[in-house]
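Data file: model19.csv. Format and content: CSV, C-alpha atoms.
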```csv
chain,number,residue,atom,x,y,z
A,1,MET,CA,1.5,-18.4,29.4
A,2,ILE,CA,1.1,-15.9,26.6
A,3,SER,CA,0.3,-17.5,23.2
A,4,LYS,CA,2.4,-16.7,20.2
A,5,THR,CA,-0.6,-15.0,18.4
A,6,ILE,CA,-0.8,-12.5,21.3
A,7,PHE,CA,2.9,-12.2,22.0
A,8,VAL,CA,4.0,-11.3,18.5
A,9,PRO,CA,1.6,-8.3,18.1
A,10,LEU,CA,2.5,-7.1,21.7
A,11,LEU,CA,6.2,-7.2,20.8
A,12,PHE,CA,5.5,-5.3,17.7
A,13,VAL,CA,3.6,-2.6,19.5
A,14,PHE,CA,6.2,-2.4,22.3
A,15,CYS,CA,9.1,-2.0,19.8
A,16,ALA,CA,7.3,0.5,17.7
A,17,ALA,CA,6.4,2.6,20.7
A,18,CYS,CA,10.1,2.9,21.6
A,19,SER,CA,10.8,5.1,18.6
A,20,THR,CA,10.5,8.6,20.3
A,21,THR,CA,12.9,11.2,21.6
A,22,ARG,CA,12.7,12.8,25.0
A,23,PRO,CA,11.8,16.5,25.1
A,24,PHE,CA,13.9,19.2,26.9
A,25,LYS,CA,12.2,20.1,30.1
A,26,ILE,CA,12.7,22.6,32.9
A,27,SER,CA,12.4,21.6,36.6
A,28,ASP,CA,8.5,21.9,36.6
A,29,GLY,CA,8.3,19.4,33.8
A,30,LYS,CA,7.3,21.9,31.1
A,31,LYS,CA,9.0,21.9,27.7
A,32,ILE,CA,11.9,24.4,27.5
A,33,PRO,CA,10.7,27.3,25.2
A,34,ASN,CA,12.3,27.3,21.7
A,35,SER,CA,13.8,23.9,22.2
A,36,ILE,CA,13.5,21.1,19.6
A,37,ALA,CA,13.4,17.3,20.0
A,38,GLU,CA,11.8,15.5,17.1
A,39,ILE,CA,12.2,12.6,14.8
A,40,ARG,CA,11.6,13.4,11.1
A,41,ARG,CA,11.2,11.2,8.0
A,42,LEU,CA,12.1,13.1,4.8
A,43,ASN,CA,12.0,12.1,1.2
A,44,ILE,CA,15.6,12.7,0.1
A,45,ASN,CA,16.2,12.1,-3.6
A,46,GLY,CA,13.4,9.6,-3.8
A,47,SER,CA,14.4,7.7,-0.6
A,48,LYS,CA,12.7,8.0,2.8
A,49,GLN,CA,15.3,8.9,5.4
A,50,PHE,CA,15.2,9.5,9.1
A,51,LEU,CA,16.7,12.2,11.3
A,52,THR,CA,16.5,13.1,14.9
A,53,ILE,CA,16.9,16.8,15.6
A,54,ARG,CA,17.8,17.9,19.2
A,55,GLY,CA,18.7,21.2,20.7
A,56,VAL,CA,18.0,23.3,23.8
A,57,ASP,CA,17.6,26.4,21.7
A,58,LEU,CA,16.6,26.6,18.0
A,59,ALA,CA,18.6,29.8,17.7
A,60,LYS,CA,21.8,27.9,18.2
A,61,PRO,CA,24.0,26.9,15.2
A,62,SER,CA,23.1,23.7,13.4
A,63,LEU,CA,25.4,20.7,13.4
A,64,LEU,CA,24.9,17.7,11.1
A,65,TRP,CA,26.4,14.3,12.2
A,66,LEU,CA,27.6,12.1,9.4
A,67,HIS,CA,27.9,8.6,10.9
A,68,GLY,CA,30.5,6.0,10.0
A,69,GLY,CA,29.9,2.9,7.8
A,70,PRO,CA,28.6,2.9,5.2
A,71,GLY,CA,25.8,0.9,6.8
A,72,GLY,CA,24.9,-0.2,10.3
A,73,VAL,CA,22.8,1.0,13.2
A,74,ALA,CA,25.2,3.1,15.2
A,75,MET,CA,23.4,6.4,15.6
A,76,PRO,CA,22.3,5.7,19.2
A,77,LEU,CA,26.0,5.8,20.2
A,78,TYR,CA,26.5,9.2,18.6
A,79,MET,CA,23.4,10.5,20.2
A,80,HIS,CA,24.4,9.2,23.6
A,81,HIS,CA,27.9,10.6,23.5
A,82,SER,CA,27.0,13.9,21.9
A,83,ALA,CA,24.2,14.9,24.3
A,84,ALA,CA,26.4,17.7,25.7
A,85,LEU,CA,26.6,19.3,22.3
A,86,GLU,CA,22.8,19.7,22.3
A,87,GLU,CA,23.3,22.6,24.7
A,88,GLN,CA,25.3,24.6,22.2
A,89,PHE,CA,24.0,23.4,18.9
A,90,VAL,CA,20.9,22.1,17.2
A,91,VAL,CA,22.3,18.7,16.5
A,92,VAL,CA,20.9,16.7,13.6
A,93,TYR,CA,21.5,12.9,13.8
A,94,TRP,CA,20.9,11.5,10.3
A,95,ASP,CA,20.6,7.9,9.3
A,96,GLN,CA,22.0,7.9,5.8
A,97,ARG,CA,20.5,6.1,2.8
A,98,GLY,CA,20.4,2.4,3.6
A,99,SER,CA,21.4,2.7,7.3
A,100,GLY,CA,19.6,2.5,10.6
A,101,LYS,CA,16.0,3.6,10.4
A,102,SER,CA,16.5,4.7,6.8
A,103,TYR,CA,17.0,1.2,5.6
A,104,SER,CA,14.4,-0.2,3.2
A,105,SER,CA,14.3,-3.2,1.0
A,106,ARG,CA,12.9,-0.9,-1.7
A,107,ILE,CA,16.2,1.1,-2.0
A,108,PRO,CA,17.6,0.3,-5.5
A,109,PRO,CA,21.1,-1.2,-5.1
A,110,ALA,CA,22.1,0.9,-8.1
A,111,SER,CA,21.5,4.1,-6.0
A,112,MET,CA,24.1,3.1,-3.5
A,113,THR,CA,27.0,5.2,-4.9
A,114,LEU,CA,29.3,7.9,-3.5
A,115,ASP,CA,27.7,10.6,-5.8
A,116,GLN,CA,24.3,9.7,-4.5
A,117,PHE,CA,25.4,10.1,-0.9
A,118,ILE,CA,27.0,13.4,-1.7
A,119,SER,CA,23.7,14.5,-3.3
A,120,ASP,CA,21.7,13.2,-0.4
A,121,THR,CA,23.9,15.2,2.0
A,122,HIS,CA,23.5,18.4,-0.1
A,123,GLU,CA,19.7,17.9,-0.3
A,124,LEU,CA,19.4,17.4,3.4
A,125,THR,CA,21.6,20.5,4.1
A,126,SER,CA,19.4,22.6,1.9
A,127,TRP,CA,16.4,21.5,3.8
A,128,LEU,CA,18.1,22.1,7.2
A,129,ARG,CA,19.2,25.6,6.2
A,130,LYS,CA,15.6,26.5,5.4
A,131,HIS,CA,14.0,24.6,8.3
A,132,LEU,CA,16.4,25.8,11.0
A,133,HIS,CA,16.9,29.3,9.4
A,134,GLN,CA,20.7,28.9,9.2
A,135,ASP,CA,23.0,30.3,6.5
A,136,ARG,CA,25.5,27.5,6.9
A,137,VAL,CA,25.8,24.2,8.7
A,138,PHE,CA,28.6,22.7,10.7
A,139,LEU,CA,29.5,19.1,9.8
A,140,VAL,CA,30.9,16.4,12.0
A,141,GLY,CA,31.9,13.2,10.2
A,142,HIS,CA,33.3,10.0,11.6
A,143,SER,CA,35.2,7.5,9.5
A,144,TRP,CA,33.1,7.0,6.3
A,145,GLY,CA,31.3,10.1,7.5
A,146,GLY,CA,34.5,12.1,7.5
A,147,PHE,CA,35.3,10.9,4.0
A,148,LEU,CA,31.8,11.9,2.9
A,149,GLY,CA,32.1,15.2,4.6
A,150,LEU,CA,35.4,16.1,2.8
A,151,HIS,CA,33.7,15.3,-0.5
A,152,VAL,CA,30.7,17.4,0.4
A,153,ILE,CA,32.6,20.5,1.5
A,154,SER,CA,34.8,20.2,-1.6
A,155,ARG,CA,31.7,20.2,-3.9
A,156,TYR,CA,29.5,22.7,-1.9
A,157,PRO,CA,31.8,24.9,0.2
A,158,THR,CA,29.4,27.8,0.6
A,159,ASP,CA,26.9,25.6,2.5
A,160,TYR,CA,29.2,24.7,5.4
A,161,ALA,CA,30.9,26.7,8.1
A,162,ALA,CA,33.5,24.0,9.1
A,163,LEU,CA,34.1,20.2,9.1
A,164,VAL,CA,35.3,18.2,12.1
A,165,ALA,CA,36.7,15.0,10.5
A,166,VAL,CA,36.9,12.2,13.1
A,167,SER,CA,39.2,9.4,12.0
A,168,PRO,CA,38.3,9.9,8.3
A,169,ILE,CA,39.1,7.5,5.5
A,170,THR,CA,41.6,9.2,3.2
A,171,ASP,CA,43.4,6.4,1.3
A,172,GLY,CA,41.7,3.0,1.0
A,173,PRO,CA,44.5,0.7,-0.3
A,174,ARG,CA,47.3,2.2,1.9
A,175,SER,CA,45.1,2.2,5.0
A,176,GLU,CA,44.2,-1.5,4.5
A,177,GLN,CA,47.9,-2.5,4.1
A,178,VAL,CA,48.9,-0.6,7.2
A,179,SER,CA,46.0,-2.1,9.1
A,180,TYR,CA,46.9,-5.6,8.0
A,181,ASP,CA,50.6,-5.1,8.9
A,182,PHE,CA,49.6,-3.9,12.3
A,183,ALA,CA,47.5,-7.0,13.0
A,184,LEU,CA,50.3,-9.3,11.7
A,185,HIS,CA,52.9,-7.6,13.9
A,186,GLN,CA,50.7,-7.8,16.9
A,187,ALA,CA,49.9,-11.4,16.3
A,188,GLN,CA,53.6,-12.2,16.0
A,189,GLN,CA,54.5,-10.3,19.2
A,190,ARG,CA,51.7,-11.8,21.2
A,191,GLN,CA,52.4,-15.3,19.8
A,192,ASP,CA,48.8,-15.5,18.8
A,193,THR,CA,48.8,-18.6,16.7
A,194,ALA,CA,45.1,-18.4,15.9
A,195,GLY,CA,45.5,-14.8,14.7
A,196,LEU,CA,48.5,-15.6,12.7
A,197,ALA,CA,46.7,-18.5,11.0
A,198,THR,CA,43.8,-16.2,10.1
A,199,LEU,CA,46.0,-13.6,8.6
A,200,THR,CA,48.0,-16.2,6.7
A,201,ARG,CA,44.8,-17.6,5.3
A,202,ILE,CA,43.2,-14.3,4.2
A,203,ARG,CA,46.6,-13.1,2.9
A,204,PRO,CA,47.6,-9.4,2.5
A,205,PRO,CA,45.2,-7.1,0.7
A,206,VAL,CA,45.6,-6.3,-3.0
A,207,LYS,CA,44.6,-2.7,-3.8
A,208,GLY,CA,42.9,-2.5,-0.4
A,209,LEU,CA,40.8,-5.7,-0.9
A,210,TYR,CA,41.0,-9.2,0.4
A,211,GLN,CA,40.3,-12.1,-1.9
A,212,GLY,CA,37.9,-13.5,0.7
A,213,GLY,CA,35.7,-10.4,0.4
A,214,PHE,CA,33.5,-9.3,3.3
A,215,ASP,CA,34.2,-12.3,5.5
A,216,ALA,CA,38.0,-11.8,5.2
A,217,THR,CA,37.6,-8.1,5.9
A,218,LEU,CA,35.5,-8.8,9.0
A,219,GLN,CA,38.1,-11.3,10.3
A,220,GLU,CA,40.9,-8.8,9.9
A,221,ARG,CA,38.9,-6.1,11.6
A,222,ASN,CA,38.1,-8.5,14.5
A,223,LEU,CA,41.8,-9.0,15.0
A,224,VAL,CA,42.5,-5.2,14.9
A,225,GLN,CA,39.9,-4.8,17.6
A,226,LYS,CA,41.3,-7.6,19.6
A,227,TYR,CA,44.7,-5.8,19.6
A,228,GLY,CA,43.2,-2.4,20.5
A,229,GLY,CA,43.4,-0.8,17.1
A,230,SER,CA,39.6,-0.1,16.8
A,231,TYR,CA,38.6,0.6,20.4
A,232,HIS,CA,41.6,1.3,22.6
A,233,GLN,CA,39.3,1.1,25.7
A,234,ASP,CA,37.0,-1.7,26.6
A,235,LEU,CA,33.5,-0.3,26.0
A,236,GLY,CA,31.7,-3.5,25.1
A,237,GLY,CA,29.2,-3.6,27.9
A,238,THR,CA,28.6,0.2,27.7
A,239,ILE,CA,27.9,0.0,24.0
A,240,TYR,CA,25.2,-2.7,24.5
A,241,ARG,CA,23.6,-0.8,27.3
A,242,ILE,CA,23.4,2.4,25.2
A,243,LEU,CA,21.8,0.5,22.3
A,244,TRP,CA,19.3,-1.2,24.5
A,245,ARG,CA,18.2,1.9,26.3
A,246,SER,CA,17.8,4.1,23.2
A,247,LYS,CA,14.4,5.6,22.9
A,248,GLU,CA,14.9,6.5,19.3
A,249,TYR,CA,15.7,3.0,18.1
A,250,ASN,CA,14.0,-0.3,18.7
A,251,LEU,CA,14.5,-4.0,18.3
A,252,PHE,CA,13.3,-4.0,14.7
A,253,ASP,CA,15.9,-1.4,13.8
A,254,TYR,CA,18.7,-3.5,15.1
A,255,LEU,CA,17.4,-6.7,13.5
A,256,LYS,CA,17.9,-5.0,10.1
A,257,ASN,CA,21.7,-5.0,10.6
A,258,LYS,CA,22.5,-8.0,8.3
A,259,LYS,CA,20.3,-6.7,5.5
A,260,ILE,CA,21.9,-3.2,5.9
A,261,TYR,CA,25.4,-4.6,5.5
A,262,ARG,CA,24.3,-6.7,2.5
A,263,LEU,CA,23.0,-3.5,0.8
A,264,ASN,CA,26.0,-1.4,1.6
A,265,TRP,CA,28.8,-3.9,1.1
A,266,PRO,CA,28.9,-3.7,-2.7
A,267,MET,CA,29.4,0.1,-2.6
A,268,ASN,CA,32.1,-0.2,0.1
A,269,HIS,CA,33.8,-2.9,-2.0
A,270,ALA,CA,33.7,-0.8,-5.1
A,271,ILE,CA,34.8,2.5,-3.5
A,272,TRP,CA,37.6,1.3,-1.2
A,273,PRO,CA,40.3,0.6,-3.8
A,274,THR,CA,39.7,4.0,-5.4
A,275,ILE,CA,40.0,6.2,-2.3
A,276,ASP,CA,43.0,8.5,-2.6
A,277,LEU,CA,42.1,11.9,-1.3
A,278,LYS,CA,45.6,13.4,-2.1
A,279,ARG,CA,44.7,13.0,-5.7
A,280,GLN,CA,40.9,13.5,-5.4
A,281,ILE,CA,40.6,16.4,-2.9
A,282,PRO,CA,44.0,18.2,-2.6
A,283,ALA,CA,42.3,21.4,-1.4
A,284,VAL,CA,39.1,22.7,0.2
A,285,ASN,CA,37.8,26.2,1.0
A,286,VAL,CA,36.2,25.3,4.4
A,287,PRO,CA,38.0,25.0,7.8
A,288,VAL,CA,38.8,21.4,8.7
A,289,TYR,CA,39.7,20.0,12.1
A,290,PHE,CA,41.0,16.5,12.0
A,291,CYS,CA,40.6,14.4,15.2
A,292,LEU,CA,42.8,11.3,15.3
A,293,GLY,CA,43.1,8.5,17.9
A,294,ARG,CA,46.7,7.7,18.7
A,295,TYR,CA,46.0,4.0,18.6
A,296,ASP,CA,43.8,3.9,15.5
A,297,ASN,CA,44.7,1.0,13.2
A,298,HIS,CA,41.2,0.4,11.9
A,299,VAL,CA,41.6,3.4,9.6
A,300,PRO,CA,45.3,4.0,10.5
A,301,ALA,CA,45.8,7.5,11.9
A,302,THR,CA,49.3,7.7,10.4
A,303,VAL,CA,47.8,7.5,6.9
A,304,VAL,CA,45.2,10.1,7.8
A,305,ALA,CA,47.9,12.4,9.3
A,306,ASP,CA,49.9,12.2,6.1
A,307,TYR,CA,46.9,13.5,4.1
A,308,CYS,CA,46.2,16.2,6.7
A,309,ALA,CA,49.7,17.6,6.2
A,310,PHE,CA,49.1,17.6,2.4
A,311,LEU,CA,45.7,19.2,2.3
A,312,GLN,CA,45.3,22.9,1.6
A,313,ALA,CA,42.6,24.6,3.6
A,314,PRO,CA,41.9,28.1,5.0
A,315,ILE,CA,42.1,26.6,8.5
A,316,LYS,CA,43.5,23.2,9.1
A,317,GLU,CA,44.4,21.5,12.4
A,318,VAL,CA,45.2,18.0,13.6
A,319,ILE,CA,44.2,17.1,17.2
A,320,TRP,CA,45.4,13.9,18.7
A,321,PHE,CA,43.4,11.9,21.2
A,322,GLU,CA,46.0,10.0,23.3
A,323,GLY,CA,43.6,7.6,24.9
A,324,SER,CA,41.7,6.4,21.9
A,325,ALA,CA,41.8,4.4,18.7
A,326,HIS,CA,39.2,4.7,15.9
A,327,HIS,CA,36.2,5.7,18.0
A,328,LEU,CA,37.6,8.6,19.9
A,329,CYS,CA,34.2,10.4,20.0
A,330,PHE,CA,33.0,7.5,22.2
A,331,GLU,CA,36.3,6.8,24.1
A,332,GLU,CA,37.1,10.4,25.0
A,333,PRO,CA,33.7,12.2,24.7
A,334,GLN,CA,34.4,15.1,27.1
A,335,LYS,CA,37.6,16.1,25.3
A,336,PHE,CA,35.8,15.8,22.0
A,337,HIS,CA,32.9,18.0,23.2
A,338,ALA,CA,35.3,20.6,24.4
A,339,LEU,CA,37.2,20.6,21.1
A,340,VAL,CA,34.1,20.9,19.0
A,341,MET,CA,32.8,23.9,21.1
A,342,GLU,CA,36.2,25.6,21.1
A,343,LYS,CA,37.0,25.2,17.4
A,344,LEU,CA,33.5,25.8,16.0
A,345,LEU,CA,32.2,28.3,18.5
A,346,GLY,CA,35.3,29.8,20.1
A,347,VAL,CA,33.9,29.0,23.6
A,348,LYS,CA,34.7,26.7,26.4
A,349,PRO,CA,32.1,24.2,27.5
A,350,PRO,CA,30.0,25.4,30.4
A,351,ASP,CA,31.3,22.9,32.9
A,352,THR,CA,34.9,23.9,32.1
A,353,VAL,CA,34.1,27.6,32.6
A,354,GLN,CA,32.5,26.9,35.9
A,355,ALA,CA,35.2,24.7,37.1
A,356,SER,CA,37.9,27.3,36.3
A,357,GLY,CA,36.1,29.9,38.4
A,358,LYS,CA,36.2,27.7,41.6
A,359,LYS,CA,38.8,28.4,44.3
```

Just dump the structure as structure tokens.
Amino acid sequence: MISKTIFVPLLFVFCAACSTTRPFKISDGKKIPNSIAEIRRLNINGSKQFLTIRGVDLAKPSLLWLHGGPGGVAMPLYMHHSAALEEQFVVVYWDQRGSGKSYSSRIPPASMTLDQFISDTHELTSWLRKHLHQDRVFLVGHSWGGFLGLHVISRYPTDYAALVAVSPITDGPRSEQVSYDFALHQAQQRQDTAGLATLTRIRPPVKGLYQGGFDATLQERNLVQKYGGSYHQDLGGTIYRILWRSKEYNLFDYLKNKKIYRLNWPMNHAIWPTIDLKRQIPAVNVPVYFCLGRYDNHVPATVVADYCAFLQAPIKEVIWFEGSAHHLCFEEPQKFHALVMEKLLGVKPPDTVQASGKK
């Protein structure tokens, strides 16, 4: 039997060794020339932050993923489901300040503000433009990342070629009320007495917030998920397999989750009641493609669609995903890849082109 004094160091070494990213290779096992597969740690505005850069060809356009949250360790899911995009882009997967591998107990809580995240994104974009020799960067943002992306392109439009906003947050108080009403209606229809009791106890939100704080928000979100408003498809087992098999993230990264949420929650709590993009960002000078899941009641798609109709932009389009809720980039990844390639590059994905040529 392995003693604790030996097991703990071995576990540490094993977990640390898991933090790598596989190279792109040709059939003989050699690295594909001009490809990139690396994990970087950068000092961004005084905070050490991690990114994984992957692409078959460094000459391809760069695409920066802005993950949801704020907070959490979800980047392995984006990396898994976006692998096809690495054929046509140099994809940059970034753990934002206080999330994933970028979490540190040394991060000052006072630095966790929207303006700081906008500045971090701009600082990283400037580095990417120089490092990857690109004039402009494509942005893809999911949920909080879409909200952040809209702020970034509004403030720094010349840095970005386009934004794909996936289920973005556009109105905190209205979204929360619609989400709560959805959960209440579903609980009533399904005669879910436990769900009704929970919703009655936490009570409707006031200006987007529940009196019970984080715990009440989590209980409401769990009911929305139970009723198919967060994931429309059952991906539970798949998600855990992806997280476990990730080469870029290890057990210690996942064990930080509670600390990550504690660091990010005050910012989320402060920002949510103030979000009203109709008032804050009525227009942008960058093309924006909104991807919305038909069943999304986590950040209700009806609220987002209303903002989309209001926004002024040089190019603006709403694309509905009929088999998804809030996480459409995981639920319908092939459609999402095809859309990104078509809208951003004007080309069909390779497999679609090949299939169309068959008789």

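Of the residues under consideration (A:Leu345, A:Leu199, A:Ile242, A:Ile53), A:Ile53 shows the shortest atom-to-atom contact distance to A:His131 when counting only C-alpha atoms.
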
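Candidate residues A:Val284, A:Ala216, A:Leu209, A:Leu243 were compared for distance to A:Val73, and the nearest is A:Leu243, using all atoms listed in the file.
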
Task: Counting only C-alpha atoms, the residue of A:Gly98, A:Pro109, A:Gly229, A:Gly212 that sits nearest A:Asp296 - done: A:Gly229

Task: Distance query 10 Å from (29.6, 18.2, 2.4) using all atoms listed in the file, result as a PyMOL selection string - done: chain A and resi 64+66+117-122+125+137-141+145-160+162-163+286

TODO: For A:Lys343, work out the shell of residues within 9 Å, counting all atoms listed in the file and skipping chain neighbours fewer than 5 positions away, then give it as a VMD selection string.
DONE: chain A and resid 164 289 338

TODO: For atom CA of A:Ala325 and atom CA of A:Asp115, determine how far apart the two atoms are, in Å to one decimal place.
DONE: 28.9 Å

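The spacing separating atom CA of A:Leu132 from atom CA of A:Lys60 amounts to 9.2 Å.
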
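Here the question is which of A:Phe24, A:Tyr254, A:Phe214, A:Phe89 gets nearest to A:Ala270 using only C-alpha atoms, and that residue is A:Phe214.
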
Open item on the list: Need to verify the contact set: A:Pro314, 7 Å, all atoms listed in the file, exclusion of same-chain residues closer than 2 positions in sequence. Can you return it as number ranges by chain?
Closed with: A: 285-287, 316

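In terms of minimum interatomic distance to A:Asn268, A:Trp144 ranks closest within A:Phe321, A:Phe330, A:Tyr93, A:Trp144, counting all atoms listed in the file.
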
Open item on the list: Would you compute the distance between atom CA of A:Pro33 and atom CA of A:Arg54? Give it in Å to one decimal.
Closed with: 13.2 Å

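By chain and then residue number, the residues within 9 Å of A:Tyr180 are Ser175, Glu176, Gln177, Val178, Phe182, Ala183, Leu184, His185, Leu199, Pro204, Pro205, Glu220, Arg221, Val224 and Asn297 of chain A, counting all atoms listed in the file and disregarding those fewer than 2 positions away in sequence.
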
Task: Radius query 12 Å about (43.2, 14.0, 18.7), atoms used: all atoms listed in the file, as an NGL selection string - done: :A and (164-167 or 289-296 or 301 or 304-305 or 317-329 or 331-333 or 335-340)

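In terms of minimum interatomic distance to A:Arg136, A:Leu63 ranks closest within A:Ala197, A:Ile315, A:Val91, A:Leu63, counting only C-alpha atoms.
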